[in-house]
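File shown: entry_13.cif (mmCIF, C-alpha atoms and all ligand atoms).
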```
data_entry
loop_
_atom_site.label_atom_id
_atom_site.label_comp_id
_atom_site.auth_asym_id
_atom_site.auth_seq_id
_atom_site.Cartn_x
_atom_site.Cartn_y
_atom_site.Cartn_z
CA MET R 1 -0.08 1.98 -5.23
CA LYS R 2 3.60 2.01 -5.96
CA ILE R 3 5.85 2.97 -3.04
CA LEU R 4 9.17 4.60 -3.79
CA GLU R 5 11.47 5.13 -0.84
CA ALA R 6 13.86 8.06 -0.99
CA LYS R 7 16.78 8.46 1.40
CA ASN R 8 15.77 11.92 2.50
CA TYR R 9 13.81 15.06 1.64
CA HIS R 10 16.33 16.15 -0.97
CA GLU R 11 16.21 12.84 -2.82
CA MET R 12 12.40 12.75 -2.63
CA SER R 13 12.26 16.23 -4.15
CA SER R 14 14.72 15.39 -6.96
CA ILE R 15 12.88 12.21 -7.93
CA ALA R 16 9.54 14.06 -8.00
CA ALA R 17 11.11 16.83 -10.09
CA SER R 18 12.47 14.35 -12.65
CA MET R 19 9.01 12.81 -13.00
CA ILE R 20 7.45 16.23 -13.69
CA ILE R 21 10.25 17.36 -16.00
CA GLU R 22 10.01 14.15 -18.02
CA LYS R 23 6.26 14.63 -18.39
CA VAL R 24 6.59 18.28 -19.47
CA ARG R 25 9.33 17.47 -22.01
CA PHE R 26 7.26 14.62 -23.45
CA LYS R 27 4.00 16.58 -23.31
CA PRO R 28 4.73 20.35 -23.38
CA ASP R 29 1.04 21.23 -22.86
CA ALA R 30 0.67 18.98 -19.80
CA ASN R 31 -1.83 19.90 -17.07
CA LEU R 32 -0.14 19.84 -13.69
CA GLY R 33 -2.03 19.56 -10.41
CA LEU R 34 -0.05 21.35 -7.73
CA ALA R 35 -0.02 21.38 -3.95
CA THR R 36 1.12 23.74 -1.21
CA GLY R 37 2.53 23.09 2.26
CA GLY R 38 6.16 22.58 3.23
CA THR R 39 6.56 19.22 1.47
CA PRO R 40 6.55 20.27 -2.22
CA ILE R 41 8.87 23.28 -1.75
CA GLY R 42 12.00 21.19 -2.51
CA LEU R 43 10.34 19.84 -5.66
CA TYR R 44 9.56 23.39 -6.81
CA GLN R 45 13.17 24.42 -6.13
CA GLU R 46 14.39 21.54 -8.29
CA LEU R 47 12.00 22.56 -11.10
CA ILE R 48 13.34 26.11 -10.93
CA ARG R 49 16.93 24.86 -10.99
CA ASP R 50 16.20 22.72 -14.04
CA TYR R 51 14.40 25.61 -15.75
CA ARG R 52 17.44 27.81 -15.25
CA SER R 53 20.02 25.28 -16.33
CA ASN R 54 18.14 23.23 -18.96
CA GLY R 55 15.37 25.59 -20.03
CA THR R 56 12.46 23.13 -19.71
CA SER R 57 9.57 25.29 -20.88
CA TYR R 58 6.24 25.74 -19.10
CA GLU R 59 4.85 28.07 -21.76
CA LYS R 60 2.12 25.64 -22.73
CA VAL R 61 1.64 24.01 -19.34
CA CYS R 62 -1.54 24.70 -17.33
CA THR R 63 -1.49 24.44 -13.55
CA TYR R 64 -4.36 23.64 -11.19
CA ASN R 65 -3.92 24.04 -7.46
CA LEU R 66 -5.72 21.86 -4.99
CA ASP R 67 -6.98 24.42 -2.56
CA GLU R 68 -7.13 27.93 -1.15
CA TYR R 69 -8.07 29.47 2.19
CA VAL R 70 -11.47 31.13 2.45
CA GLY R 71 -11.33 34.86 3.17
CA ILE R 72 -7.70 35.35 2.16
CA ASP R 73 -7.02 37.54 -0.84
CA SER R 74 -4.60 36.29 -3.52
CA GLU R 75 -2.28 39.25 -2.76
CA ASP R 76 -2.11 38.25 0.92
CA THR R 77 1.22 36.61 1.80
CA ASN R 78 -0.69 33.74 3.47
CA SER R 79 -2.74 32.87 0.40
CA TYR R 80 -1.86 29.75 -1.53
CA ARG R 81 -1.85 31.89 -4.68
CA TYR R 82 0.95 33.95 -3.13
CA PHE R 83 2.75 30.80 -1.93
CA MET R 84 2.79 29.43 -5.48
CA GLU R 85 4.07 32.71 -6.90
CA GLU R 86 6.86 32.89 -4.32
CA ASN R 87 7.88 29.25 -4.55
CA LEU R 88 7.46 28.51 -8.25
CA PHE R 89 5.49 30.66 -10.68
CA ALA R 90 7.68 33.78 -10.44
CA TYR R 91 10.71 31.75 -11.54
CA ILE R 92 9.42 29.71 -14.51
CA ASN R 93 7.73 30.76 -17.74
CA VAL R 94 4.20 29.54 -17.04
CA PRO R 95 1.81 32.21 -18.40
CA GLU R 96 -0.38 33.92 -15.80
CA SER R 97 -3.51 32.94 -17.76
CA HIS R 98 -2.59 29.24 -17.42
CA ILE R 99 -2.59 29.35 -13.61
CA HIS R 100 -5.73 28.11 -11.88
CA ILE R 101 -6.36 28.43 -8.14
CA PRO R 102 -9.76 28.68 -6.42
CA ASP R 103 -10.68 32.20 -5.26
CA GLY R 104 -11.21 32.13 -1.50
CA THR R 105 -12.62 35.65 -1.52
CA ALA R 106 -15.39 35.02 -4.06
CA GLU R 107 -18.70 36.51 -2.88
CA ASP R 108 -20.55 33.33 -3.73
CA LEU R 109 -18.28 30.50 -2.61
CA GLU R 110 -20.60 27.76 -3.85
CA ALA R 111 -20.57 29.32 -7.31
CA GLU R 112 -16.77 29.54 -7.10
CA CYS R 113 -16.57 25.78 -6.36
CA ASN R 114 -18.78 25.07 -9.39
CA ARG R 115 -16.71 27.40 -11.55
CA TYR R 116 -13.50 25.61 -10.50
CA ASP R 117 -15.01 22.21 -11.23
CA LEU R 118 -16.06 23.42 -14.66
CA GLU R 119 -12.56 24.72 -15.31
CA LEU R 120 -11.12 21.35 -14.29
CA SER R 121 -13.53 19.41 -16.47
CA ARG R 122 -13.04 21.63 -19.55
CA GLU R 123 -9.45 20.46 -19.77
CA LYS R 124 -8.50 16.98 -20.86
CA GLY R 125 -7.71 16.12 -17.27
CA ILE R 126 -4.75 16.57 -15.00
CA ASP R 127 -1.73 14.62 -16.24
CA ILE R 128 0.17 14.59 -12.94
CA GLN R 129 -1.29 15.56 -9.59
CA ILE R 130 1.15 16.33 -6.80
CA LEU R 131 -0.20 15.74 -3.30
CA GLY R 132 1.05 16.13 0.23
CA ILE R 133 -0.64 14.60 3.25
CA GLY R 134 -1.76 16.04 6.57
CA SER R 135 -0.92 14.12 9.73
CA ASN R 136 -4.64 13.24 9.99
CA GLY R 137 -4.55 11.79 6.47
CA HIS R 138 -6.05 14.76 4.65
CA ILE R 139 -5.25 15.32 0.98
CA GLY R 140 -5.86 18.79 -0.46
CA PHE R 141 -7.94 20.07 2.42
CA ASN R 142 -10.24 17.05 2.45
CA GLU R 143 -10.44 16.39 6.15
CA PRO R 144 -11.41 13.00 7.67
CA GLY R 145 -15.07 12.25 6.97
CA THR R 146 -15.13 13.95 3.54
CA SER R 147 -17.13 11.94 1.03
CA PHE R 148 -15.06 10.11 -1.56
CA SER R 149 -17.54 11.33 -4.19
CA SER R 150 -16.87 15.00 -3.37
CA HIS R 151 -15.94 17.57 -5.99
CA THR R 152 -14.65 21.09 -5.26
CA HIS R 153 -16.25 22.19 -2.01
CA ILE R 154 -15.94 24.32 1.09
CA ILE R 155 -14.49 22.56 4.11
CA GLU R 156 -14.19 23.47 7.76
CA LEU R 157 -10.56 22.89 8.72
CA ALA R 158 -9.80 20.43 11.49
CA GLU R 159 -8.12 21.92 14.56
CA ILE R 160 -5.03 19.76 13.98
CA THR R 161 -4.75 21.17 10.44
CA ARG R 162 -5.08 24.77 11.64
CA LYS R 163 -2.41 24.13 14.27
CA ALA R 164 -0.06 22.50 11.74
CA ASN R 165 -0.48 25.42 9.35
CA ALA R 166 -0.20 28.07 12.09
CA ARG R 167 3.57 28.13 11.49
CA PHE R 168 2.92 30.15 8.33
CA PHE R 169 0.82 32.74 10.21
CA GLN R 170 1.59 35.11 13.07
CA ARG R 171 -0.95 33.56 15.43
CA LEU R 172 -3.18 30.49 15.46
CA GLU R 173 -6.23 32.79 15.47
CA ASP R 174 -5.14 34.15 12.09
CA VAL R 175 -5.39 30.73 10.42
CA PRO R 176 -8.67 30.63 8.46
CA THR R 177 -11.35 28.25 9.66
CA HIS R 178 -12.46 27.26 6.15
CA ALA R 179 -10.97 26.50 2.77
CA ILE R 180 -12.03 25.66 -0.77
CA THR R 181 -10.60 22.34 -1.86
CA MET R 182 -10.78 20.05 -4.84
CA GLY R 183 -12.75 17.03 -3.65
CA ILE R 184 -11.58 13.45 -3.46
CA ALA R 185 -13.43 12.54 -6.67
CA SER R 186 -11.84 15.52 -8.46
CA ILE R 187 -8.37 14.45 -7.29
CA LEU R 188 -8.90 10.84 -8.38
CA LYS R 189 -9.66 11.98 -11.95
CA ALA R 190 -5.97 12.79 -12.47
CA LYS R 191 -4.18 10.38 -14.80
CA GLN R 192 -1.23 10.03 -12.45
CA ILE R 193 -0.84 10.97 -8.79
CA ILE R 194 2.37 11.46 -6.82
CA LEU R 195 1.97 11.64 -3.05
CA LEU R 196 5.02 13.24 -1.43
CA VAL R 197 5.69 12.39 2.19
CA SER R 198 8.64 13.42 4.29
CA GLY R 199 9.71 13.34 7.91
CA LEU R 200 8.96 11.62 11.20
CA ASP R 201 5.79 13.71 11.70
CA LYS R 202 4.20 11.73 8.87
CA ALA R 203 5.39 8.27 9.97
CA GLU R 204 2.23 7.47 11.97
CA VAL R 205 -0.16 8.39 9.14
CA MET R 206 1.96 6.38 6.68
CA LYS R 207 1.64 3.41 9.01
CA GLN R 208 -2.16 3.84 9.07
CA LEU R 209 -2.25 4.13 5.30
CA LEU R 210 0.11 1.33 4.35
CA THR R 211 -0.36 -1.41 6.89
CA THR R 212 -3.94 -2.26 5.84
CA ASP R 213 -5.87 -2.49 2.56
CA GLU R 214 -8.71 -0.60 4.15
CA VAL R 215 -10.31 2.26 2.25
CA ASN R 216 -12.10 4.51 4.71
CA GLU R 217 -13.46 8.06 4.57
CA GLN R 218 -11.94 8.68 8.02
CA LEU R 219 -8.54 8.44 6.33
CA PRO R 220 -8.94 10.56 3.18
CA ALA R 221 -5.62 9.44 1.64
CA SER R 222 -6.88 5.84 1.61
CA ALA R 223 -9.05 6.86 -1.39
CA LEU R 224 -5.81 6.75 -3.40
CA LYS R 225 -5.97 2.95 -3.16
CA ASN R 226 -8.85 3.17 -5.67
CA HIS R 227 -6.65 4.83 -8.32
CA HIS R 228 -4.65 2.88 -10.90
CA ASN R 229 -1.58 5.12 -11.10
CA VAL R 230 -0.44 6.38 -7.71
CA THR R 231 3.16 6.64 -6.57
CA ILE R 232 3.86 7.28 -2.92
CA LEU R 233 7.25 8.93 -2.90
CA ALA R 234 8.30 8.99 0.74
CA ASP R 235 11.56 9.37 2.57
CA GLU R 236 13.05 6.93 5.10
CA GLU R 237 11.75 8.88 8.08
CA ALA R 238 8.18 8.92 6.80
CA LEU R 239 8.35 5.14 6.26
CA SER R 240 10.15 4.42 9.54
CA LEU R 241 7.14 2.79 11.24
CA ILE R 242 6.33 0.40 8.41
C1 LIG B 1 -2.03 21.71 3.93
C2 LIG B 1 -2.36 21.59 2.44
C3 LIG B 1 -2.16 20.18 1.96
C4 LIG B 1 -0.81 19.66 2.41
C5 LIG B 1 -0.78 19.61 3.92
C6 LIG B 1 0.53 19.06 4.47
O1 LIG B 1 -3.07 21.37 4.75
N1 LIG B 1 -3.68 22.00 2.13
O2 LIG B 1 -2.27 20.14 0.54
O3 LIG B 1 -0.57 18.39 1.89
O4 LIG B 1 -0.92 20.95 4.37
O5 LIG B 1 1.45 20.08 4.62
P1 LIG B 1 2.99 19.92 4.83
O6 LIG B 1 3.53 19.52 3.50
O7 LIG B 1 3.46 21.29 5.22
O8 LIG B 1 3.19 18.90 5.86
#
```
Will you turn the file into structure tokens for me?
Amino acid sequence: MKILEAKNYHEMSSIAASMIIEKVRFKPDANLGLATGGTPIGLYQELIRDYRSNGTSYEKVCTYNLDEYVGIDSEDTNSYRYFMEENLFAYINVPESHIHIPDGTAEDLEAECNRYDLELSREKGIDIQILGIGSNGHIGFNEPGTSFSSHTHIIELAEITRKANARFFQRLEDVPTHAITMGIASILKAKQIILLVSGLDKAEVMKQLLTTDEVNEQLPASALKNHHNVTILADEEALSLI
């Protein structure tokens, strides 16, 4: 794993954006794996800024999101589909038909997981996967204890995850209890992975991840140590306990 230290959130976001923009310019039909949460918002803003000023085109790009809440409709302002529209898709020229996000309202959720896996495997693979990390080490919504051989699956969210994400909802009780998430094995199939980490809240989990070589299902992000092309792009605060 390569570790790149950025001064702050802004620098982290700009570096991540240049990596994506370079990929899309070099490979206009790149498959991008995208994440939600607060961390990648700055990256998406930088991509929008570049699209407006330099016209980098996403016409041939396909996007694949990591996860979606179960029971939340794509039109709902709390859905990850809505989040992506608001923070990125509405402002760049990626065609609607190229956007892939699991459907958390599918009647048969198991079938939806299989459908998403099929969709992922039909493509030639994700060129760059953006990830954030939960303070318990989750990636996507793969909570501690998730098998490293997992593909897209339904997960029960950890209490700490529901609490952390409650800031996007009116009340904690409104945060869904389950989500559909790409599994660890699905994530590791990406050709390149960029893990974005910012802020003091993530310093403890960065310490757990980076101060040992241990790979352990109790710390889902440690699976990234088994991948040949991972960059951890973290700011000074996130690395302050290392
Ligand atoms: C959610 C998402 C993850 C994200 C994590 C961290 O649980 N499913 O993909 O990495 O939150 O979020 P934040 O970036 O807001 O700290």
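Across the structure, atom CA of Ser13 of chain R and atom CA of Pro95 of chain R are spaced 23.8 Å apart.
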I'd like a table as a Markdown table: residues in segment 16-127 of chain R with an atom no more than 6 Å from segment 159-179 of chain R, each row giving the shortest atom pair and its distance in Å to one decimal, all atoms listed in the file counted, sorted by chain and rising residue number.
```
| residue | atom | partner | partner_atom | distance |
| --- | --- | --- | --- | --- |
| R:Glu68 | CA | R:Ala179 | CA | 5.7 |
| R:Tyr69 | CA | R:Ala179 | CA | 4.2 |
| R:Val70 | CA | R:Ala179 | CA | 4.7 |
```
Once you count all atoms listed in the file, which residues end up within 10 Å of ligand LIG 1 (chain B), and could you hand them over as a PDB file with C-alpha atoms, in the frame of the given file?
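Okay, out-v1.pdb is ready:
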```pdb
ATOM      1  CA  LEU R  34      -0.050  21.350  -7.730  1.00  0.00           C
ATOM      2  CA  ALA R  35      -0.020  21.380  -3.950  1.00  0.00           C
ATOM      3  CA  THR R  36       1.120  23.740  -1.210  1.00  0.00           C
ATOM      4  CA  GLY R  37       2.530  23.090   2.260  1.00  0.00           C
ATOM      5  CA  GLY R  38       6.160  22.580   3.230  1.00  0.00           C
ATOM      6  CA  THR R  39       6.560  19.220   1.470  1.00  0.00           C
ATOM      7  CA  PRO R  40       6.550  20.270  -2.220  1.00  0.00           C
ATOM      8  CA  ILE R  41       8.870  23.280  -1.750  1.00  0.00           C
ATOM      9  CA  ASN R  65      -3.920  24.040  -7.460  1.00  0.00           C
ATOM     10  CA  LEU R  66      -5.720  21.860  -4.990  1.00  0.00           C
ATOM     11  CA  ASP R  67      -6.980  24.420  -2.560  1.00  0.00           C
ATOM     12  CA  GLU R  68      -7.130  27.930  -1.150  1.00  0.00           C
ATOM     13  CA  TYR R  69      -8.070  29.470   2.190  1.00  0.00           C
ATOM     14  CA  TYR R  80      -1.860  29.750  -1.530  1.00  0.00           C
ATOM     15  CA  ILE R 130       1.150  16.330  -6.800  1.00  0.00           C
ATOM     16  CA  LEU R 131      -0.200  15.740  -3.300  1.00  0.00           C
ATOM     17  CA  GLY R 132       1.050  16.130   0.230  1.00  0.00           C
ATOM     18  CA  ILE R 133      -0.640  14.600   3.250  1.00  0.00           C
ATOM     19  CA  GLY R 134      -1.760  16.040   6.570  1.00  0.00           C
ATOM     20  CA  SER R 135      -0.920  14.120   9.730  1.00  0.00           C
ATOM     21  CA  ASN R 136      -4.640  13.240   9.990  1.00  0.00           C
ATOM     22  CA  GLY R 137      -4.550  11.790   6.470  1.00  0.00           C
ATOM     23  CA  HIS R 138      -6.050  14.760   4.650  1.00  0.00           C
ATOM     24  CA  ILE R 139      -5.250  15.320   0.980  1.00  0.00           C
ATOM     25  CA  GLY R 140      -5.860  18.790  -0.460  1.00  0.00           C
ATOM     26  CA  PHE R 141      -7.940  20.070   2.420  1.00  0.00           C
ATOM     27  CA  ASN R 142     -10.240  17.050   2.450  1.00  0.00           C
ATOM     28  CA  GLU R 143     -10.440  16.390   6.150  1.00  0.00           C
ATOM     29  CA  LEU R 157     -10.560  22.890   8.720  1.00  0.00           C
ATOM     30  CA  ALA R 158      -9.800  20.430  11.490  1.00  0.00           C
ATOM     31  CA  ILE R 160      -5.030  19.760  13.980  1.00  0.00           C
ATOM     32  CA  THR R 161      -4.750  21.170  10.440  1.00  0.00           C
ATOM     33  CA  ARG R 162      -5.080  24.770  11.640  1.00  0.00           C
ATOM     34  CA  LYS R 163      -2.410  24.130  14.270  1.00  0.00           C
ATOM     35  CA  ALA R 164      -0.060  22.500  11.740  1.00  0.00           C
ATOM     36  CA  ASN R 165      -0.480  25.420   9.350  1.00  0.00           C
ATOM     37  CA  ARG R 167       3.570  28.130  11.490  1.00  0.00           C
ATOM     38  CA  PHE R 168       2.920  30.150   8.330  1.00  0.00           C
ATOM     39  CA  ALA R 179     -10.970  26.500   2.770  1.00  0.00           C
ATOM     40  CA  ILE R 180     -12.030  25.660  -0.770  1.00  0.00           C
ATOM     41  CA  THR R 181     -10.600  22.340  -1.860  1.00  0.00           C
ATOM     42  CA  LEU R 195       1.970  11.640  -3.050  1.00  0.00           C
ATOM     43  CA  LEU R 196       5.020  13.240  -1.430  1.00  0.00           C
ATOM     44  CA  VAL R 197       5.690  12.390   2.190  1.00  0.00           C
ATOM     45  CA  SER R 198       8.640  13.420   4.290  1.00  0.00           C
ATOM     46  CA  GLY R 199       9.710  13.340   7.910  1.00  0.00           C
ATOM     47  CA  ASP R 201       5.790  13.710  11.700  1.00  0.00           C
ATOM     48  CA  LYS R 202       4.200  11.730   8.870  1.00  0.00           C
TER      49      LYS R 202
END
```
Determine, counting only C-alpha atoms, which protein, DNA and RNA residues have an atom within 9 Å of an atom of Lys7 of chain R; residues of the same chain fewer than 5 positions away are not included. Present the result as an mmCIF file with C-alpha atoms, in the frame of the given file.
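Okay, around_39.cif is ready:
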```cif
data_model
loop_
_atom_site.group_PDB
_atom_site.id
_atom_site.type_symbol
_atom_site.label_atom_id
_atom_site.label_comp_id
_atom_site.auth_asym_id
_atom_site.auth_seq_id
_atom_site.Cartn_x
_atom_site.Cartn_y
_atom_site.Cartn_z
ATOM 1 C CA MET R 12 12.400 12.750 -2.630
ATOM 2 C CA ALA R 234 8.300 8.990 0.740
ATOM 3 C CA ASP R 235 11.560 9.370 2.570
ATOM 4 C CA GLU R 236 13.050 6.930 5.100
ATOM 5 C CA GLU R 237 11.750 8.880 8.080
#
```
Next item on the list: Please measure the separation of atom CA of Leu209 of chain R and atom CA of Leu239 of chain R, giving the value in Å to one decimal.
Entry: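 Atom CA of Leu209 of chain R sits 10.7 Å away from atom CA of Leu239 of chain R.
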Checklist line | Of the listed residues R:Met1, R:Ile128, R:Asn87, R:Lys60, that which approaches Ala221 of chain R most closely, counting only C-alpha atoms | finding: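 Closest residue, counting only C-alpha atoms: R:Met1.
Proximity of R:Leu188, R:Val94, R:Leu210, R:Ile194 to Ile20 of chain R, computed with all atoms listed in the file, is greatest for R:Ile194.
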